[in-house]
Amino acid sequence: MCPAPGVGKCMWLVCTGEMPRRKEVWAYECRGIREENRTMSIKVSVILPSLNVVTYIRECIESVLAQSLTDMEILCIDAGSTDGTREIIEAYAKKDHRIRLIPSDKKSYGYQINLGLDLAKGDYLGIVETDDSIESGMYEVLYKTAVENKLEYVKANFYTMVTPFEGEQYLLEQPFGDTEKVISYRYYMEKLLSPDVYIWNGIYKTSFLRQFHVRLNESPGAAFQDCGFRYLTDMNLTRGMFLKDYFYRYRRDNGAASTYNPKFAGYNLAECRYVRQKMAEDGLTDRDRQAFIARESVMMALSPYRTFREHSLPDETVVSALGAFREIMIGDRKKGLLRQEEMLPQQWLEMRLFTEQPEAYEAYIGIRAQADRDIYGNFVREMSGKEQIVLFCTGKAAKFALCLMRMNRLDNIVAVCDNDPGKWGTSFHGREILSPDQALQRYPQAHYLVANRACPEKIESQLADGGIGRENISVYKLPLNAFGSTNLFMRGLV
C-alpha cells in the first residue's frame, strides 16, 4: 500500500501494479512527488555513493555543484556514515534542490549504485566516488558529445590526484588511446587487453543500462564492484567513444581506498563469477564475448596480485581465491577461450605459469613484484638521502618526479629552476622558479635532479660547467606512469 495514497504518481503505481524494486526507491518517490512538479528536464543524474568520507565529501560535492551543465540531479546514496558525512550532505541538500540524500540500508557500493540507477531520472547517468572530484566542464562536454553522436556511453581521460600536504595538489595525466571515434562491442572483442578500466570517468545512457539490465554486483563492501558493470556495458555497446579531454580526478592517497584492500582476490573472484552468470542469463554466449571475458579474467586475477606482492605475502584467503581463479582459467583453456595469438605475450606466459606450475609462478611473481617496486622505491630511497635537492626543469617529468617525492614525505627539495626565462619568478607547485644562475649561486652544494626528456645531457653539461660535480647530478628516467608516480613507499602503504 502506498504510504501517500491519493498522490498522483503513487496512485498510478498502485493501480498498474508497477512497484519499484526497493523499499528505498518507494519511499524516495513518495517523498519527492511535490518536487517533481519542477519543469526542469534532467540531462544527467549524478550518483555519489558515500560512507564515512568526511575528509573529502565537501570537495567532491562542490566540484559537482560547479558543473557548467546545470540540468542535473545529484543522488547522494549514503550507507550509514557516522563521521559527519551524512550531516554535510543534508546541509548541502537544504541549499540546492538538485541534491537528494538517499539512505542505503546496506554497506555495499554495488547496492548503492544500483539504488541510484533505480531512482535516476536523467537521460544519462554519471558516478563520482566521494573521495574524488571533477573538472567544471565534465558533464557539459560529455553530454553534448553523447547527444550529438547518439552514444550509449562516452568516457574521457582522467587524472590521478594526490594531496600530500595541506594546499599541495598534484594531478597526473592518465591517458586513453583510440579517442574521438565511435566504437562498439567489437572494439573490445578485438583487443588483447581492454583499455576500459573504470566506470566513473564517463556517462551512460540510462535507457541503455536498463534495456540490457546492466547493474553492479551487490556484494558487501566497496572494492572492485565496478568490474561487472564495466564488462556488461562493453559487451552490449553499439555506440561509444573515448575523449582526449581530462576531467575526472581520481584520488590515490586515501589509504581506505580499494586499491589497498588486502581482500582484493576474493572481490575480483566474485566479480568474475558475477559477470559470467549475467552473461549466461542474458544470452551473451558467443565465442568472441566469452573469449574476451576469459582474457579479462586472467587480468583480474594476476595484475592486482602482482601489485599486492609488491608489499605483502598472500594469506589463506588470497591463496584460496587464486586457486579458484586457476580452475577457471584451466576450464577456459579447455574450451579454447584462451589462445596465445589472442593474448599479450606477457599475459600468456604468466597465465601458463600460473595454471601449470604454481610454485614457479610464485617465485617469478615475487621477483617481478620486487623489481616493479624497486623501479620507484629505489629512487625515493636514494633521494631521501640527499641533504638538499634542486629540481631542474618544470615540465611533465618534473611534475611526476616532484609528486613521487612529496607523496613519500621528502621535504629536502629546496628549489626548482628552469632554462626558460619566461618561467623565472613564477610558481611551480608552490615553489618559485629560479634561473639556473640563481639556483647555482644559492645552492652550490645541492644535488641537482634533471627532469627533462628532450636534452638531459645538455643540462648535465650546463651544471658541470657551473661547478656542480657529476656525483651531485642525476637524471630522472622513471616511467611517467600516473599510478607508479603516486605509490607510497616510505609511508607504509605499499
# chains A, B, ... in the order shown; residues from 1 in each chain; ligands from 1

call {"tool": "residues_around", "arguments": {"residues": "Asp411 of chain A", "least_positions_apart": "5", "cutoff": "12 Å", "atoms": "only C-alpha atoms", "output": "number ranges by chain"}}
result
A: 164-165, 380, 383-390, 402-406

call {"tool": "closest_residue", "arguments": {"among": "A:Phe354, A:Phe400, A:Phe428, A:Tyr274", "to": "Gly323 of chain A", "atoms": "only C-alpha atoms"}}
result
A:Phe354

call {"tool": "residues_around", "arguments": {"residues": "segment 170-176 of chain A", "least_positions_apart": "6", "cutoff": "7 Å", "atoms": "only C-alpha atoms", "output": "list in words"}}
result
Asn157, Phe158, Tyr159, Thr160, Met161, Val162, Thr163, Phe400, Cys403 and Ala482 of chain A

call {"tool": "residues_around", "arguments": {"residues": "Ala439 of chain A", "least_positions_apart": "3", "cutoff": "8 Å", "atoms": "only C-alpha atoms", "output": "ChimeraX atom specification"}}
result
/A:390,415-417,434-436,442-444

call {"tool": "select_by_dssp", "arguments": {"residues": "segment 224-470 of chain A", "states": "alpha helix (DSSP H)", "output": "MDAnalysis selection string"}}
result
chainID A and resid 226:236 264:282 287:308 316:334 345:356 358:384 396:407 436:442 456:465

call {"tool": "atom_distance", "arguments": {"atom1": "atom CA of Thr317 of chain A", "atom2": "atom CA of Phe489 of chain A"}}
result
24.8 Å

call {"tool": "residues_around", "arguments": {"residues": "Leu349 of chain A", "least_positions_apart": "6", "cutoff": "10 Å", "atoms": "only C-alpha atoms", "output": "ChimeraX atom specification"}}
result
/A:340,343,361

call {"tool": "residues_around", "arguments": {"residues": "segment 150-152 of chain A", "least_positions_apart": "5", "cutoff": "9 Å", "atoms": "only C-alpha atoms", "output": "PyMOL selection string"}}
result
chain A and resi 124+145+182+203-209+233+237-241

call {"tool": "write_last_selection", "arguments": {"atoms": "N, CA and C atoms", "output": "CSV table (one decimal), in the first residue's frame"}}
result
chain,number,residue,atom,x,y,z
A,124,TYR,N,21.1,10.6,-19.0
A,124,TYR,CA,22.4,9.9,-18.9
A,124,TYR,C,22.7,9.9,-17.4
A,145,THR,N,28.6,15.6,-26.3
A,145,THR,CA,29.2,14.6,-27.2
A,145,THR,C,28.3,13.4,-27.4
A,182,VAL,N,33.9,6.6,-32.9
A,182,VAL,CA,32.8,5.7,-32.4
A,182,VAL,C,33.3,4.3,-32.3
A,203,ILE,N,29.8,9.0,-18.8
A,203,ILE,CA,28.3,9.0,-18.6
A,203,ILE,C,27.7,7.9,-19.4
A,204,TYR,N,26.6,7.3,-19.0
A,204,TYR,CA,26.0,6.2,-19.6
A,204,TYR,C,24.5,6.6,-19.9
A,205,LYS,N,24.0,6.2,-21.1
A,205,LYS,CA,22.6,6.4,-21.4
A,205,LYS,C,21.8,5.6,-20.4
A,206,THR,N,20.9,6.2,-19.7
A,206,THR,CA,20.2,5.5,-18.7
A,206,THR,C,19.3,4.4,-19.3
A,207,SER,N,18.6,4.7,-20.4
A,207,SER,CA,17.8,3.7,-21.1
A,207,SER,C,18.6,2.5,-21.6
A,208,PHE,N,19.8,2.7,-21.9
A,208,PHE,CA,20.7,1.6,-22.4
A,208,PHE,C,21.0,0.7,-21.2
A,209,LEU,N,21.3,1.2,-20.0
A,209,LEU,CA,21.6,0.4,-18.9
A,209,LEU,C,20.4,-0.4,-18.5
A,233,THR,N,28.6,-3.4,-19.8
A,233,THR,CA,28.4,-2.2,-20.7
A,233,THR,C,29.2,-2.4,-22.0
A,237,LEU,N,27.6,-2.8,-26.0
A,237,LEU,CA,27.8,-1.5,-26.6
A,237,LEU,C,27.6,-1.5,-28.1
A,238,THR,N,26.9,-0.6,-28.6
A,238,THR,CA,26.8,-0.4,-30.1
A,238,THR,C,27.4,0.9,-30.5
A,239,ARG,N,27.4,2.0,-29.6
A,239,ARG,CA,28.0,3.2,-30.0
A,239,ARG,C,28.6,3.9,-28.7
A,240,GLY,N,29.9,4.0,-28.6
A,240,GLY,CA,30.6,4.6,-27.5
A,240,GLY,C,31.7,5.4,-28.0
A,241,MET,N,32.4,6.1,-27.1
A,241,MET,CA,33.5,7.0,-27.5
A,241,MET,C,34.4,7.3,-26.3

call {"tool": "residues_around", "arguments": {"residues": "Val450 of chain A", "least_positions_apart": "4", "cutoff": "8 Å", "atoms": "only C-alpha atoms", "output": "JSON, numbers by chain"}}
result
{"A": [391, 392, 393, 456, 459, 460, 473, 474, 475, 476]}

call {"tool": "write_last_selection", "arguments": {"atoms": "N, CA and C atoms", "output": "mmCIF file, in the first residue's frame"}}
result
data_model
loop_
_atom_site.group_PDB
_atom_site.id
_atom_site.type_symbol
_atom_site.label_atom_id
_atom_site.label_comp_id
_atom_site.auth_asym_id
_atom_site.auth_seq_id
_atom_site.Cartn_x
_atom_site.Cartn_y
_atom_site.Cartn_z
ATOM 1 N N LEU A 391 65.386 20.741 -8.177
ATOM 2 C CA LEU A 391 64.741 20.116 -9.329
ATOM 3 C C LEU A 391 64.953 21.010 -10.539
ATOM 4 N N PHE A 392 65.592 20.482 -11.566
ATOM 5 C CA PHE A 392 65.907 21.270 -12.757
ATOM 6 C C PHE A 392 64.901 20.919 -13.851
ATOM 7 N N CYS A 393 64.146 21.890 -14.317
ATOM 8 C CA CYS A 393 63.067 21.837 -15.310
ATOM 9 C C CYS A 393 61.713 21.748 -14.601
ATOM 10 N N PRO A 456 68.594 16.072 -21.666
ATOM 11 C CA PRO A 456 69.203 15.994 -20.332
ATOM 12 C C PRO A 456 70.715 16.122 -20.352
ATOM 13 N N ILE A 459 71.831 19.702 -20.188
ATOM 14 C CA ILE A 459 71.645 20.291 -18.862
ATOM 15 C C ILE A 459 72.718 19.768 -17.906
ATOM 16 N N GLU A 460 73.068 18.488 -18.033
ATOM 17 C CA GLU A 460 74.154 17.942 -17.199
ATOM 18 C C GLU A 460 75.453 18.707 -17.444
ATOM 19 N N ILE A 473 74.739 15.226 -9.647
ATOM 20 C CA ILE A 473 73.778 15.400 -10.742
ATOM 21 C C ILE A 473 73.180 14.034 -11.077
ATOM 22 N N SER A 474 71.875 13.964 -11.184
ATOM 23 C CA SER A 474 71.226 12.742 -11.654
ATOM 24 C C SER A 474 70.069 13.124 -12.577
ATOM 25 N N VAL A 475 69.684 12.179 -13.414
ATOM 26 C CA VAL A 475 68.618 12.405 -14.394
ATOM 27 C C VAL A 475 67.427 11.537 -14.031
ATOM 28 N N TYR A 476 66.248 12.132 -14.026
ATOM 29 C CA TYR A 476 65.020 11.396 -13.713
ATOM 30 C C TYR A 476 64.587 10.615 -14.947
#

call {"tool": "select_by_dssp", "arguments": {"residues": "segment 100-173 of chain A", "states": "strand (DSSP E)", "output": "list in words"}}
result
Arg100, Leu101, Ile102, Pro103, Tyr124, Leu125, Gly126, Ile127, Ser133, Ile134, Tyr153, Val154, Lys155, Ala156, Asn157, Phe158, Tyr159, Thr160, Met161, Val162, Thr163, Pro164, Phe165, Glu168, Gln169, Tyr170, Leu171, Leu172 and Glu173 of chain A

call {"tool": "decode", "arguments": {"residues": "segment 216-247 of chain A", "atoms": "N, CA, C and O atoms", "output": "CSV table (one decimal), in the first residue's frame"}}
result
chain,number,residue,atom,x,y,z
A,216,LEU,N,25.4,-3.4,-11.0
A,216,LEU,CA,26.6,-3.8,-10.3
A,216,LEU,C,26.3,-5.0,-9.4
A,216,LEU,O,25.2,-5.2,-8.9
A,217,ASN,N,27.3,-5.8,-9.1
A,217,ASN,CA,27.2,-6.9,-8.2
A,217,ASN,C,27.0,-6.3,-6.8
A,217,ASN,O,27.8,-5.4,-6.4
A,218,GLU,N,26.1,-6.8,-6.0
A,218,GLU,CA,25.7,-6.2,-4.7
A,218,GLU,C,26.4,-6.9,-3.6
A,218,GLU,O,25.8,-7.2,-2.5
A,219,SER,N,27.7,-7.3,-3.7
A,219,SER,CA,28.4,-7.9,-2.7
A,219,SER,C,28.8,-6.9,-1.6
A,219,SER,O,28.8,-5.7,-1.9
A,220,PRO,N,29.0,-7.3,-0.4
A,220,PRO,CA,29.3,-6.4,0.7
A,220,PRO,C,30.6,-5.6,0.4
A,220,PRO,O,31.5,-6.1,-0.3
A,221,GLY,N,30.7,-4.4,1.0
A,221,GLY,CA,32.0,-3.6,0.8
A,221,GLY,C,32.0,-2.7,-0.4
A,221,GLY,O,30.9,-2.5,-1.0
A,222,ALA,N,33.1,-2.2,-0.7
A,222,ALA,CA,33.2,-1.2,-1.8
A,222,ALA,C,34.5,-1.4,-2.6
A,222,ALA,O,35.1,-0.4,-3.0
A,223,ALA,N,34.9,-2.6,-2.9
A,223,ALA,CA,36.1,-2.9,-3.6
A,223,ALA,C,35.8,-3.7,-4.9
A,223,ALA,O,35.2,-4.8,-4.8
A,224,PHE,N,36.2,-3.1,-6.0
A,224,PHE,CA,36.2,-3.8,-7.3
A,224,PHE,C,34.8,-4.2,-7.8
A,224,PHE,O,34.7,-5.0,-8.7
A,225,GLN,N,33.8,-3.6,-7.3
A,225,GLN,CA,32.4,-4.0,-7.7
A,225,GLN,C,32.0,-3.3,-9.0
A,225,GLN,O,30.9,-3.6,-9.5
A,226,ASP,N,32.9,-2.5,-9.6
A,226,ASP,CA,32.6,-1.9,-10.8
A,226,ASP,C,33.0,-2.8,-12.0
A,226,ASP,O,32.6,-2.5,-13.2
A,227,CYS,N,33.7,-3.9,-11.8
A,227,CYS,CA,34.2,-4.7,-12.9
A,227,CYS,C,33.0,-5.3,-13.7
A,227,CYS,O,33.0,-5.2,-14.9
A,228,GLY,N,32.1,-5.9,-13.0
A,228,GLY,CA,30.9,-6.5,-13.7
A,228,GLY,C,30.2,-5.5,-14.5
A,228,GLY,O,29.8,-5.7,-15.7
A,229,PHE,N,29.9,-4.3,-13.9
A,229,PHE,CA,29.2,-3.2,-14.6
A,229,PHE,C,30.0,-2.8,-15.9
A,229,PHE,O,29.4,-2.7,-17.0
A,230,ARG,N,31.3,-2.7,-15.8
A,230,ARG,CA,32.1,-2.3,-16.9
A,230,ARG,C,32.0,-3.3,-18.1
A,230,ARG,O,31.8,-2.9,-19.2
A,231,TYR,N,32.2,-4.5,-17.7
A,231,TYR,CA,32.2,-5.6,-18.7
A,231,TYR,C,30.9,-5.7,-19.4
A,231,TYR,O,30.8,-5.9,-20.6
A,232,LEU,N,29.8,-5.6,-18.6
A,232,LEU,CA,28.5,-5.7,-19.2
A,232,LEU,C,28.1,-4.6,-20.1
A,232,LEU,O,27.5,-4.8,-21.2
A,233,THR,N,28.6,-3.4,-19.8
A,233,THR,CA,28.4,-2.2,-20.7
A,233,THR,C,29.2,-2.4,-22.0
A,233,THR,O,28.7,-2.2,-23.1
A,234,ASP,N,30.4,-2.9,-21.9
A,234,ASP,CA,31.3,-3.0,-23.0
A,234,ASP,C,30.7,-4.1,-24.0
A,234,ASP,O,30.8,-4.0,-25.2
A,235,MET,N,30.2,-5.2,-23.4
A,235,MET,CA,29.7,-6.3,-24.3
A,235,MET,C,28.4,-6.0,-24.9
A,235,MET,O,28.0,-6.7,-25.9
A,236,ASN,N,27.7,-5.0,-24.5
A,236,ASN,CA,26.4,-4.7,-25.1
A,236,ASN,C,26.5,-3.4,-25.9
A,236,ASN,O,25.5,-3.0,-26.5
A,237,LEU,N,27.6,-2.8,-26.0
A,237,LEU,CA,27.8,-1.5,-26.6
A,237,LEU,C,27.6,-1.5,-28.1
A,237,LEU,O,28.1,-2.4,-28.8
A,238,THR,N,26.9,-0.6,-28.6
A,238,THR,CA,26.8,-0.4,-30.1
A,238,THR,C,27.4,0.9,-30.5
A,238,THR,O,27.9,1.1,-31.6
A,239,ARG,N,27.4,2.0,-29.6
A,239,ARG,CA,28.0,3.2,-30.0
A,239,ARG,C,28.6,3.9,-28.7
A,239,ARG,O,27.8,4.2,-27.8
A,240,GLY,N,29.9,4.0,-28.6
A,240,GLY,CA,30.6,4.6,-27.5
A,240,GLY,C,31.7,5.4,-28.0
A,240,GLY,O,32.1,5.3,-29.2
A,241,MET,N,32.4,6.1,-27.1
A,241,MET,CA,33.5,7.0,-27.5
A,241,MET,C,34.4,7.3,-26.3
A,241,MET,O,33.9,7.5,-25.2
A,242,PHE,N,35.7,7.4,-26.6
A,242,PHE,CA,36.6,8.0,-25.6
A,242,PHE,C,37.0,9.4,-26.1
A,242,PHE,O,37.3,9.6,-27.3
A,243,LEU,N,37.1,10.3,-25.1
A,243,LEU,CA,37.6,11.7,-25.5
A,243,LEU,C,39.0,11.9,-25.0
A,243,LEU,O,39.4,11.3,-24.0
A,244,LYS,N,39.7,12.8,-25.6
A,244,LYS,CA,41.1,13.1,-25.2
A,244,LYS,C,41.1,14.1,-24.0
A,244,LYS,O,42.2,14.3,-23.4
A,245,ASP,N,40.0,14.7,-23.6
A,245,ASP,CA,40.0,15.6,-22.5
A,245,ASP,C,40.3,14.9,-21.2
A,245,ASP,O,40.1,13.7,-21.0
A,246,TYR,N,40.7,15.7,-20.2
A,246,TYR,CA,40.9,15.2,-18.8
A,246,TYR,C,39.9,15.9,-17.9
A,246,TYR,O,39.9,17.2,-17.8
A,247,PHE,N,39.0,15.1,-17.3
A,247,PHE,CA,38.0,15.7,-16.4
A,247,PHE,C,38.0,15.2,-15.0
A,247,PHE,O,37.8,16.0,-14.0
